[in-house]
Structure formats: C-alpha cells, structure tokens
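Enquirer: For reference, this is protein13.csv, and it has CSV, C-alpha atoms.
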chain,number,residue,atom,x,y,z
A,1,MET,CA,115.8,70.3,19.9
A,2,ALA,CA,119.3,71.1,18.8
A,3,ARG,CA,121.3,74.0,20.1
A,4,PRO,CA,121.2,76.7,17.4
A,5,VAL,CA,124.6,76.9,15.7
A,6,SER,CA,125.5,80.5,15.0
A,7,GLY,CA,127.0,79.4,11.7
A,8,LYS,CA,129.6,82.1,11.8
A,9,GLN,CA,132.9,81.8,13.6
A,10,PRO,CA,134.0,85.2,15.0
A,11,THR,CA,136.5,86.9,12.7
A,12,ILE,CA,139.3,89.4,13.3
A,13,ALA,CA,137.0,92.1,12.0
A,14,ASP,CA,134.4,91.1,14.6
A,15,VAL,CA,137.0,91.4,17.3
A,16,ALA,CA,138.1,94.8,16.0
A,17,ARG,CA,134.6,96.1,16.2
A,18,GLU,CA,134.0,94.7,19.6
A,19,ALA,CA,137.3,96.2,20.9
A,20,GLY,CA,136.9,99.5,19.1
A,21,VAL,CA,140.2,99.2,17.4
A,22,SER,CA,141.4,98.6,13.8
A,23,VAL,CA,141.8,95.2,12.1
A,24,PRO,CA,145.6,95.7,11.8
A,25,THR,CA,145.7,96.3,15.6
A,26,VAL,CA,144.0,93.0,16.3
A,27,SER,CA,146.4,91.3,13.9
A,28,ARG,CA,149.4,92.8,15.6
A,29,VAL,CA,148.2,91.6,19.0
A,30,LEU,CA,147.6,88.0,17.6
A,31,THR,CA,150.9,87.8,15.9
A,32,GLY,CA,153.1,89.9,18.2
A,33,SER,CA,154.8,91.2,15.1
A,34,THR,CA,154.5,94.9,16.2
A,35,ARG,CA,154.3,96.4,19.6
A,36,VAL,CA,150.8,97.5,20.7
A,37,SER,CA,150.0,99.7,23.7
A,38,PRO,CA,149.0,97.8,26.8
A,39,GLU,CA,145.6,99.5,26.8
A,40,ARG,CA,144.7,98.4,23.3
A,41,GLU,CA,146.1,95.0,23.9
A,42,ALA,CA,143.8,94.6,26.9
A,43,LEU,CA,140.8,95.7,24.8
A,44,VAL,CA,141.6,93.2,22.1
A,45,HIS,CA,142.0,90.3,24.6
A,46,ALA,CA,138.8,91.2,26.4
A,47,ALA,CA,137.0,91.2,23.0
A,48,ILE,CA,138.5,87.8,22.1
A,49,GLN,CA,137.2,86.4,25.4
A,50,ARG,CA,133.7,87.8,25.0
A,51,LEU,CA,133.3,86.6,21.4
A,52,GLY,CA,135.0,83.2,21.9
A,53,PHE,CA,137.4,84.0,19.0
A,54,ARG,CA,139.8,81.3,17.8
A,55,ARG,CA,142.1,81.4,14.9
A,56,ASN,CA,140.5,79.7,12.0
A,57,GLY,CA,142.3,76.4,11.5
A,58,ALA,CA,139.6,75.1,9.2
A,59,ALA,CA,140.1,77.9,6.8
A,60,ARG,CA,143.9,77.4,6.7
A,61,ALA,CA,143.5,73.7,6.1
A,62,LEU,CA,140.9,74.1,3.3
A,63,ALA,CA,143.2,76.6,1.6
A,64,ALA,CA,145.9,74.0,1.8
A,65,GLY,CA,143.6,71.3,0.4
A,66,SER,CA,143.4,69.1,3.5
A,67,LEU,CA,140.2,67.6,5.0
A,68,PRO,CA,138.6,69.0,8.1
A,69,MET,CA,138.7,66.8,11.1
A,70,ILE,CA,136.1,65.8,13.8
A,71,ALA,CA,137.4,66.7,17.3
A,72,ILE,CA,136.7,64.2,20.0
A,73,ILE,CA,136.9,65.6,23.5
A,74,THR,CA,136.9,63.1,26.3
A,75,SER,CA,138.3,62.5,29.8
A,76,ASN,CA,139.4,58.9,29.1
A,77,THR,CA,140.3,56.7,26.1
A,78,THR,CA,140.8,53.3,27.8
A,79,ARG,CA,137.7,52.4,29.7
A,80,TYR,CA,135.4,50.1,27.8
A,81,GLY,CA,132.5,52.5,27.2
A,82,TYR,CA,134.8,55.4,26.2
A,83,ALA,CA,137.0,53.4,23.9
A,84,SER,CA,134.1,51.8,22.2
A,85,SER,CA,132.3,55.1,21.7
A,86,ILE,CA,135.5,56.6,20.2
A,87,GLN,CA,135.7,53.5,17.9
A,88,GLY,CA,132.3,54.2,16.6
A,89,ILE,CA,133.0,57.9,16.0
A,90,GLU,CA,136.3,57.1,14.2
A,91,GLU,CA,134.7,54.5,11.9
A,92,ALA,CA,131.8,56.8,10.9
A,93,ALA,CA,134.0,59.8,10.5
A,94,ARG,CA,136.4,57.9,8.3
A,95,ALA,CA,133.5,56.7,6.1
A,96,ALA,CA,132.4,60.3,5.7
A,97,GLY,CA,135.9,61.4,4.6
A,98,HIS,CA,137.0,63.0,7.9
A,99,MET,CA,140.0,62.4,10.1
A,100,VAL,CA,139.6,62.5,13.9
A,101,MET,CA,141.6,64.1,16.6
A,102,ILE,CA,141.3,63.3,20.3
A,103,CYS,CA,141.7,65.9,23.0
A,104,VAL,CA,141.8,64.5,26.5
A,105,VAL,CA,140.5,66.7,29.4
A,106,GLU,CA,141.7,65.1,32.6
A,107,THR,CA,139.7,67.2,35.1
A,108,ASP,CA,136.9,69.7,35.2
A,109,ASP,CA,139.4,72.5,36.2
A,110,ARG,CA,138.6,75.6,34.0
A,111,GLU,CA,142.2,76.0,32.8
A,112,VAL,CA,142.5,72.3,31.8
A,113,VAL,CA,139.2,72.4,30.0
A,114,ASP,CA,139.9,75.6,28.2
A,115,ALA,CA,143.3,74.3,27.1
A,116,ALA,CA,141.7,71.1,25.6
A,117,VAL,CA,139.0,73.1,23.8
A,118,ASP,CA,141.6,75.6,22.5
A,119,THR,CA,143.7,72.7,21.2
A,120,ALA,CA,140.7,71.2,19.4
A,121,LEU,CA,139.6,74.5,17.9
A,122,SER,CA,143.1,75.4,16.7
A,123,GLN,CA,142.8,72.5,14.2
A,124,PRO,CA,140.8,72.3,11.0
A,125,ILE,CA,137.7,70.8,12.5
A,126,ALA,CA,134.3,70.2,10.9
A,127,GLY,CA,132.7,69.8,14.3
A,128,ALA,CA,133.2,68.3,17.7
A,129,VAL,CA,131.9,65.3,19.6
A,130,VAL,CA,132.1,65.5,23.4
A,131,LEU,CA,131.9,62.4,25.6
A,132,GLU,CA,129.7,63.8,28.4
A,133,TYR,CA,130.1,60.7,30.6
A,134,ASP,CA,131.6,62.5,33.6
A,135,PRO,CA,132.3,65.9,35.1
A,136,PRO,CA,135.3,66.7,32.9
A,137,GLY,CA,133.2,65.9,29.8
A,138,ALA,CA,130.3,68.0,31.0
A,139,ALA,CA,132.7,70.9,31.7
A,140,ALA,CA,134.2,70.6,28.2
A,141,LEU,CA,130.7,70.5,26.6
A,142,ALA,CA,129.9,73.8,28.3
A,143,ALA,CA,133.1,75.4,27.1
A,144,VAL,CA,132.7,74.7,23.3
A,145,PRO,CA,131.5,78.0,21.6
A,146,ASP,CA,128.2,78.0,19.8
A,147,TRP,CA,129.7,78.5,16.3
A,148,VAL,CA,131.0,75.0,16.4
A,149,PRO,CA,128.8,72.1,15.2
A,150,LEU,CA,128.5,70.0,18.3
A,151,VAL,CA,127.1,66.7,19.4
A,152,ALA,CA,127.4,65.1,22.9
A,153,LEU,CA,127.4,61.5,23.9
A,154,ALA,CA,125.7,60.8,27.2
A,155,ALA,CA,124.9,57.9,29.5
A,156,GLY,CA,121.4,58.9,30.4
A,157,ASN,CA,122.0,62.3,32.0
A,158,ARG,CA,122.1,65.3,29.7
A,159,SER,CA,123.3,68.7,30.9
A,160,ASP,CA,121.8,70.8,28.2
A,161,ASP,CA,118.7,69.8,26.1
A,162,GLU,CA,119.6,72.5,23.5
A,163,ILE,CA,122.7,70.5,22.5
A,164,LEU,CA,122.2,67.5,20.2
A,165,HIS,CA,122.9,64.2,22.1
A,166,ALA,CA,123.3,60.6,21.2
A,167,SER,CA,122.5,58.9,24.5
A,168,MET,CA,121.8,55.6,26.2
A,169,ASP,CA,118.6,55.2,28.2
A,170,ASP,CA,120.4,54.0,31.3
A,171,ARG,CA,117.4,54.6,33.4
A,172,VAL,CA,115.4,52.1,31.5
A,173,GLY,CA,118.3,49.6,31.5
A,174,ALA,CA,118.7,49.8,35.3
A,175,ALA,CA,115.0,49.5,35.8
A,176,SER,CA,114.9,46.4,33.6
A,177,ALA,CA,117.7,44.8,35.5
A,178,THR,CA,116.2,45.7,38.9
A,179,ARG,CA,112.8,44.4,37.9
A,180,TYR,CA,114.3,41.1,36.7
A,181,LEU,CA,116.0,40.5,40.0
A,182,LEU,CA,112.9,41.3,42.0
A,183,ASP,CA,110.9,38.9,39.8
A,184,LEU,CA,113.4,36.2,40.7
A,185,GLY,CA,112.2,36.5,44.3
A,186,HIS,CA,114.8,38.8,45.8
A,187,GLU,CA,113.3,41.1,48.4
A,188,THR,CA,115.5,44.0,47.4
A,189,VAL,CA,118.5,44.8,45.2
A,190,HIS,CA,121.6,46.5,46.4
A,191,HIS,CA,123.5,48.9,44.1
A,192,VAL,CA,127.2,49.7,43.6
A,193,ALA,CA,127.1,53.1,41.9
A,194,ILE,CA,129.5,54.6,39.3
A,195,PRO,CA,130.5,58.3,39.5
A,196,SER,CA,128.1,60.6,37.8
A,197,ALA,CA,128.4,63.8,35.7
A,198,GLY,CA,127.0,66.3,38.1
A,199,ARG,CA,123.6,64.8,38.8
A,200,GLU,CA,122.8,61.3,40.0
A,201,SER,CA,123.5,58.7,37.4
A,202,SER,CA,120.5,57.5,35.5
A,203,ARG,CA,121.4,53.9,36.4
A,204,LEU,CA,121.0,54.8,40.1
A,205,VAL,CA,117.8,56.6,39.4
A,206,GLY,CA,116.3,53.7,37.5
A,207,TRP,CA,117.3,51.3,40.2
A,208,ARG,CA,115.8,53.4,43.0
A,209,GLU,CA,112.5,54.2,41.2
A,210,THR,CA,111.9,50.5,40.4
A,211,LEU,CA,112.4,49.5,44.0
A,212,GLU,CA,110.1,52.2,45.2
A,213,ALA,CA,107.4,51.3,42.7
A,214,ALA,CA,107.6,47.7,43.9
A,215,GLY,CA,107.4,48.7,47.5
A,216,ALA,CA,110.8,47.0,48.1
A,217,PRO,CA,113.3,48.4,50.6
A,218,VAL,CA,115.8,50.9,49.1
A,219,PRO,CA,119.3,50.2,50.6
A,220,PRO,CA,121.8,53.0,50.6
A,221,PRO,CA,123.9,52.8,47.4
A,222,LEU,CA,127.6,52.0,47.7
A,223,ARG,CA,129.5,54.7,45.9
A,224,ALA,CA,132.5,53.4,43.9
A,225,ASP,CA,134.9,54.7,41.2
A,226,TRP,CA,135.4,53.1,37.8
A,227,ALA,CA,138.1,50.6,38.8
A,228,PRO,CA,137.4,46.9,39.4
A,229,MET,CA,139.2,47.1,42.8
A,230,SER,CA,136.6,49.6,43.9
A,231,GLY,CA,134.0,46.9,43.1
A,232,TYR,CA,136.1,44.4,45.1
A,233,ASP,CA,136.1,46.7,48.1
A,234,ALA,CA,132.3,47.2,47.8
A,235,GLY,CA,131.9,43.4,47.5
A,236,LEU,CA,133.7,42.8,50.7
A,237,ARG,CA,131.3,45.2,52.5
A,238,LEU,CA,128.3,43.5,50.9
A,239,ALA,CA,129.6,40.0,51.8
A,240,ARG,CA,129.4,40.9,55.5
A,241,ASP,CA,125.6,41.4,55.3
A,242,LEU,CA,124.0,38.0,54.9
A,243,ASP,CA,120.7,39.7,54.0
A,244,VAL,CA,122.2,40.8,50.6
A,245,THR,CA,121.0,38.4,47.9
A,246,ALA,CA,121.1,40.6,44.8
A,247,VAL,CA,123.4,43.3,43.5
A,248,LEU,CA,123.2,45.6,40.5
A,249,CYS,CA,126.5,47.2,39.6
A,250,GLY,CA,127.1,50.4,37.8
A,251,ASN,CA,129.4,48.8,35.2
A,252,ASP,CA,130.8,45.3,34.4
A,253,GLU,CA,134.2,46.0,35.8
A,254,LEU,CA,132.7,46.8,39.2
A,255,ALA,CA,130.5,43.6,38.9
A,256,MET,CA,133.6,41.5,38.3
A,257,GLY,CA,135.2,43.0,41.4
A,258,VAL,CA,132.1,42.4,43.5
A,259,ILE,CA,131.9,38.7,42.3
A,260,ARG,CA,135.5,38.1,43.2
A,261,ALA,CA,135.1,39.7,46.7
A,262,LEU,CA,131.9,37.6,47.3
A,263,ASN,CA,133.6,34.4,46.3
A,264,ASP,CA,136.7,35.2,48.4
A,265,SER,CA,134.4,35.8,51.4
A,266,GLY,CA,132.6,32.4,51.0
A,267,ARG,CA,129.4,33.8,49.4
A,268,ARG,CA,128.6,31.9,46.2
A,269,VAL,CA,127.4,33.6,43.0
A,270,PRO,CA,124.6,33.1,42.1
A,271,HIS,CA,123.7,30.5,44.8
A,272,ASP,CA,123.9,33.0,47.6
A,273,VAL,CA,124.1,36.3,45.8
A,274,SER,CA,123.0,37.3,42.3
A,275,VAL,CA,125.1,39.9,40.5
A,276,VAL,CA,124.2,42.0,37.5
A,277,GLY,CA,126.6,44.3,35.7
A,278,PHE,CA,126.1,47.1,33.1
A,279,ASP,CA,127.6,47.7,29.6
A,280,ASP,CA,128.3,44.1,28.3
A,281,HIS,CA,132.1,44.2,28.6
A,282,PRO,CA,133.8,41.7,26.2
A,283,LEU,CA,135.2,39.8,29.3
A,284,GLY,CA,131.7,39.4,30.8
A,285,PRO,CA,130.8,36.1,29.0
A,286,LEU,CA,134.2,34.7,30.0
A,287,TRP,CA,134.0,35.6,33.7
A,288,ASP,CA,133.2,32.9,36.3
A,289,PRO,CA,130.3,32.8,36.5
A,290,ALA,CA,129.4,34.4,33.1
A,291,LEU,CA,128.1,37.9,33.9
A,292,THR,CA,124.4,38.9,33.5
A,293,THR,CA,124.5,42.4,32.3
A,294,VAL,CA,122.7,45.3,30.6
A,295,ARG,CA,124.1,45.5,27.1
A,296,GLN,CA,124.9,48.9,25.6
A,297,ASP,CA,126.0,49.4,22.0
A,298,PHE,CA,128.6,52.1,22.5
A,299,VAL,CA,130.0,51.7,19.0
A,300,GLN,CA,126.6,52.5,17.5
A,301,LEU,CA,126.3,55.4,19.9
A,302,GLY,CA,129.5,56.8,18.4
A,303,ARG,CA,128.3,56.3,14.9
A,304,ASP,CA,125.0,58.0,15.7
A,305,SER,CA,126.9,61.1,16.9
A,306,VAL,CA,128.6,61.5,13.6
A,307,ARG,CA,125.3,61.1,11.7
A,308,LEU,CA,123.8,63.8,13.9
A,309,LEU,CA,126.8,66.0,13.3
A,310,ALA,CA,126.6,65.7,9.6
A,311,ARG,CA,122.9,66.7,9.7
A,312,LEU,CA,123.8,69.7,11.8
A,313,GLN,CA,126.6,70.7,9.4
A,314,ALA,CA,124.2,70.5,6.5
A,315,GLY,CA,122.0,73.0,8.2
A,316,GLU,CA,119.0,70.7,8.5
A,317,SER,CA,116.1,72.0,10.7
A,318,GLY,CA,114.4,70.0,13.4
A,319,VAL,CA,117.2,67.6,14.0
A,320,ALA,CA,116.4,65.6,17.1
A,321,SER,CA,118.7,63.8,19.5
A,322,ALA,CA,119.2,60.0,19.2
A,323,ARG,CA,118.4,57.6,22.0
A,324,LEU,CA,119.4,53.9,22.3
A,325,VAL,CA,117.6,51.6,24.7
A,326,PRO,CA,119.9,48.9,26.3
A,327,ASP,CA,118.8,45.3,26.7
A,328,LEU,CA,119.3,42.8,29.5
A,329,VAL,CA,121.5,39.8,28.7
A,330,VAL,CA,120.9,36.9,31.2
A,331,ARG,CA,123.9,34.7,32.0
A,332,ALA,CA,125.0,32.6,34.9
A,333,SER,CA,125.7,35.2,37.6
A,334,SER,CA,122.1,35.7,38.5
A,335,GLY,CA,119.3,33.3,39.6
A,336,PRO,CA,116.3,32.9,41.9
A,337,ARG,CA,116.7,33.8,45.6
A,338,ARG,CA,117.3,30.8,47.8
A,339,ARG,CA,115.9,31.0,51.3
A,340,SER,CA,119.1,29.3,52.6
A,341,ALA,CA,121.1,32.4,51.6
A,342,ALA,CA,119.8,34.2,54.7
So, in terms of structure tokens, how does the structure I just supplied come out?

Expert:
Amino acid sequence: MARPVSGKQPTIADVAREAGVSVPTVSRVLTGSTRVSPEREALVHAAIQRLGFRRNGAARALAAGSLPMIAIITSNTTRYGYASSIQGIEEAARAAGHMVMICVVETDDREVVDAAVDTALSQPIAGAVVLEYDPPGAAALAAVPDWVPLVALAAGNRSDDEILHASMDDRVGAASATRYLLDLGHETVHHVAIPSAGRESSRLVGWRETLEAAGAPVPPPLRADWAPMSGYDAGLRLARDLDVTAVLCGNDELAMGVIRALNDSGRRVPHDVSVVGFDDHPLGPLWDPALTTVRQDFVQLGRDSVRLLARLQAGESGVASARLVPDLVVRASSGPRRRSAA
C-alpha cells in the first residue's frame, strides 16, 4: 500500500495560521525584506519546521513555462547498482517529458540529509525517487515530507511499507545461490556481506535461512564494505581455512576481490573454492574465471520507479509496490566440491 500523499504542499497562508501571524509577516521573514520582531520570527520558523514548508519551486517553474523535474536522492552515483538504477530513472523520466536532478547525501547525519532534501525541494520537482540502498538513503527517505510524490528503490529491505517501493527480492536471489552451491555438494557456504541499510541485508538473511533449512553449518559472515579491496581482505582470511569450499559474496566487486585473494594464496577457483557474486556486473563475464552471479536488472528497477511515480502523481488508488526477482547466472567460478580441496 502506498503512503498517502497529502496532495497539498503547505503554503505561506498555512504557515501564517500555524504561527498565529499575518501572511505579510511570514513573507517578510522568508524574504528578509523588512525587519520582524525576534518573537514573531521564532514563531514563523517553528511553524515552518512543523509543517515541512518549502518555497514552491514547482509553481515558479510552471509559471515560467519550464518542465518539472524528478529529483533523485542517493548516497552514491558511481557504484554499479546505483549508477544503473539512476540510468533507468533518467531514461524513463526523459521519455515522460521530465528532466532529472541528482542530490547526493553522503552520510545519514541529520544536517546533511536535510540539506540534500531542501536542495531537491527548492527545485521544480514533480516527485522524488530515493535510492534506499544504505543508511544515508534510508535517512533521506524519512526526511521527505508527505506532500511530495515519492518512490523508493530498495535492495530487499524496506524501511516503510507505506511508501511505494520498487525493490529487488535479494532474499530469494541469495537463497537460490546458496541452494545451488549446496546442491553441488558443498557442506556449507561462507558469506562475505555488504553493508546494510539499518537491518541485516536481505542477501545475508536469504543465505542464512537456506543453510538453516538444509541443516548445514552457518559460518559467521565476514563483514565487508563496498570496495573490491575489502573483498580481497576477506578472501585472504577465507584462504587460510582449508575447510572453505564455497563462498557467496554480497556483490560482484567483492567476489572479484575474493577470487584474486584466493588465487594469490594458492587456492584455485573453482577447483578448490567456488565463488558466487551478486548483481551481474558487466566485468563479471570477463573475469578469470568468469563469475557466477545473481543477476539484478537495476535499469528496469529505475524505470519501474518512474512508472510508479507517474501513477502516484495521477492520483490512482490502490497502487502497489513493484518487486523484481533476480536470477542465477552460472559461469566458470563455481563447480562441484572436490574432496581433495580439504
């Protein structure tokens, strides 16, 4: 179920009523054109904060004949999943006659988040898409006022079921990859985990649940960041344990780092250790060995978010979130467990 959009951005008149002052007084506070008493100025600013008032950039732009934009709020623009999601949003927005603007929120610090949201809402936006892939994205999502048509992109975990989401079912993808490795004869599967947006990542949950359902040992996950070198460091640790025969990585960049570390340590992939990634990075098929991975269509996810936003803007009732199910792509980095690996 979609979060109800109030459909009405707070106006100067609303602020005046809330503060118990006149409309001209609010205007003077906003423009600074005429001095206002500190007491009344404090009342106006408190009302602005309570109502979530922003100056109406959309109205100014429409009066000038320009097209409203779709605001994209994200913590990153270069990682594969983020960049591909933004590509899908931009393509669909352009096809619908909108331009896009990108606001980067680097941390989940309240001031940083509020500054990014304020920047987005100062522009002529028709709505916003937030990439809720990490803590900064989750914080930005919570900071967008309810009068803004809003859709979030998520990798499995969703912070608020009242907000429309276009999401990947990471849990199913991780479960499929883990089951595949167990079916190849591996006694268990180790996991190199990506950071999560507050709760445990759905990839980690799907991995763990599948091992538990199979009665297989559940090794402690290795926590990593997003960088390939973090995967390399995890791979060096895994290489020291000769009982490790299968590894599921939270993304393909980590998997590439793990493979390099295993090879540098004399552990052959997939002869000694099978490695599976997540996302289907374009370099995956070119890696040595070519990377088995869970394919995710981030571009389609971005397109779906704009489709949902358009339905929300049109005032449709009963609009439901969209969910994509990833699929397993088997390549050369995985294979049957060989008893000699132990």

Enquirer: In Å, how far is it from CA of Pro228 (chain A) to CA of Ile194 (chain A)?

Expert: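 Separation between CA of Pro228 (chain A) and CA of Ile194 (chain A): 11.0 Å.
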
Enquirer: With all atoms listed in the file as the atoms that count, which of A:Pro68, A:Gly206, A:Pro10, A:Gly97 lies nearest to Ala120 (chain A)?

Expert: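 Under the stated criterion, the closest residue is A:Pro68.
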
Enquirer: For Gly127 (chain A), which residue among A:Gly52, A:Met69, A:Ala93, A:Arg268 is the nearest when counting only C-alpha atoms?

Expert: A:Met69

Enquirer: From the set A:Val144, A:Ala71, A:Val172, A:Ala314, which residue has the shortest atom-to-atom contact distance to Phe53 (chain A), counting all atoms listed in the file?

Expert: A:Val144

Enquirer: To one decimal place in Å, what is the distance between CA of Val325 (chain A) and CA of Ala255 (chain A)?

Expert: 20.8 Å

Enquirer: With 7 Å as the threshold, what does the neighbourhood of (122.3, 46.9, 39.8) contain in terms of residues, counting all atoms listed in the file? Coordinates are those of the file; answer as a VMD selection string.

Expert: chain A and resid 174 177 to 178 189 to 192 207 247 to 250 276 to 277

Enquirer: Would you compute the distance between CA of Glu41 (chain A) and CA of Ala13 (chain A)? Give it in Å to one decimal.

Expert: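 CA of Glu41 (chain A) sits 15.3 Å away from CA of Ala13 (chain A).
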
Enquirer: Might you pull out every residue within 7 Å of Leu131 (chain A), with only C-alpha atoms counted and same-chain residues fewer than 2 positions away left off, and present them as a ChimeraX atom specification?

Expert: /A:73-74,129,133,137,152-154

Enquirer: Ile259 (chain A): which residues within 10 Å, counting only C-alpha atoms, same-chain residues fewer than 2 positions away excluded, as a ChimeraX atom specification?

Expert: /A:231-232,235-236,239,247,254-257,261-265,267-270,273-276,287-289,291,333

Enquirer: Check the smallest atom-to-atom distance from each of A:Arg171, A:Val130, A:Thr107, A:Glu39 to Leu150 (chain A) using all atoms listed in the file, then report the winner.

Expert: A:Val130

Enquirer: If you count all atoms listed in the file, which residues fall within 6 Å of region 17-20 of chain A, apart from same-chain ones fewer than 3 positions away, as a list of chain:residue names?

Expert: A:Asp14, A:Leu43, A:Val44, A:Ala47

Enquirer: Just the residues within 9 Å of Val113 (chain A), please, counting only C-alpha atoms, with nothing from its chain fewer than 3 positions along; format it as a PDB file with C-alpha atoms, in the coordinates of the input.

Expert:
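Writing the result to result-v9.pdb gives the following:
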ATOM      1  CA  VAL A 105     140.500  66.700  29.400  1.00  0.00           C
ATOM      2  CA  GLU A 106     141.700  65.100  32.600  1.00  0.00           C
ATOM      3  CA  THR A 107     139.700  67.200  35.100  1.00  0.00           C
ATOM      4  CA  ASP A 108     136.900  69.700  35.200  1.00  0.00           C
ATOM      5  CA  ASP A 109     139.400  72.500  36.200  1.00  0.00           C
ATOM      6  CA  ARG A 110     138.600  75.600  34.000  1.00  0.00           C
ATOM      7  CA  ALA A 116     141.700  71.100  25.600  1.00  0.00           C
ATOM      8  CA  VAL A 117     139.000  73.100  23.800  1.00  0.00           C
ATOM      9  CA  ASP A 118     141.600  75.600  22.500  1.00  0.00           C
ATOM     10  CA  PRO A 136     135.300  66.700  32.900  1.00  0.00           C
ATOM     11  CA  GLY A 137     133.200  65.900  29.800  1.00  0.00           C
ATOM     12  CA  ALA A 139     132.700  70.900  31.700  1.00  0.00           C
ATOM     13  CA  ALA A 140     134.200  70.600  28.200  1.00  0.00           C
ATOM     14  CA  ALA A 143     133.100  75.400  27.100  1.00  0.00           C
TER      15      ALA A 143
END

Enquirer: Would you please work out which residue, of A:Leu283, A:Met168, A:Leu308, A:Ala175, is nearest to Ala128 (chain A) when using all atoms listed in the file?

Expert: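 Distance minimum relative to Ala128 (chain A) lands on A:Leu308.
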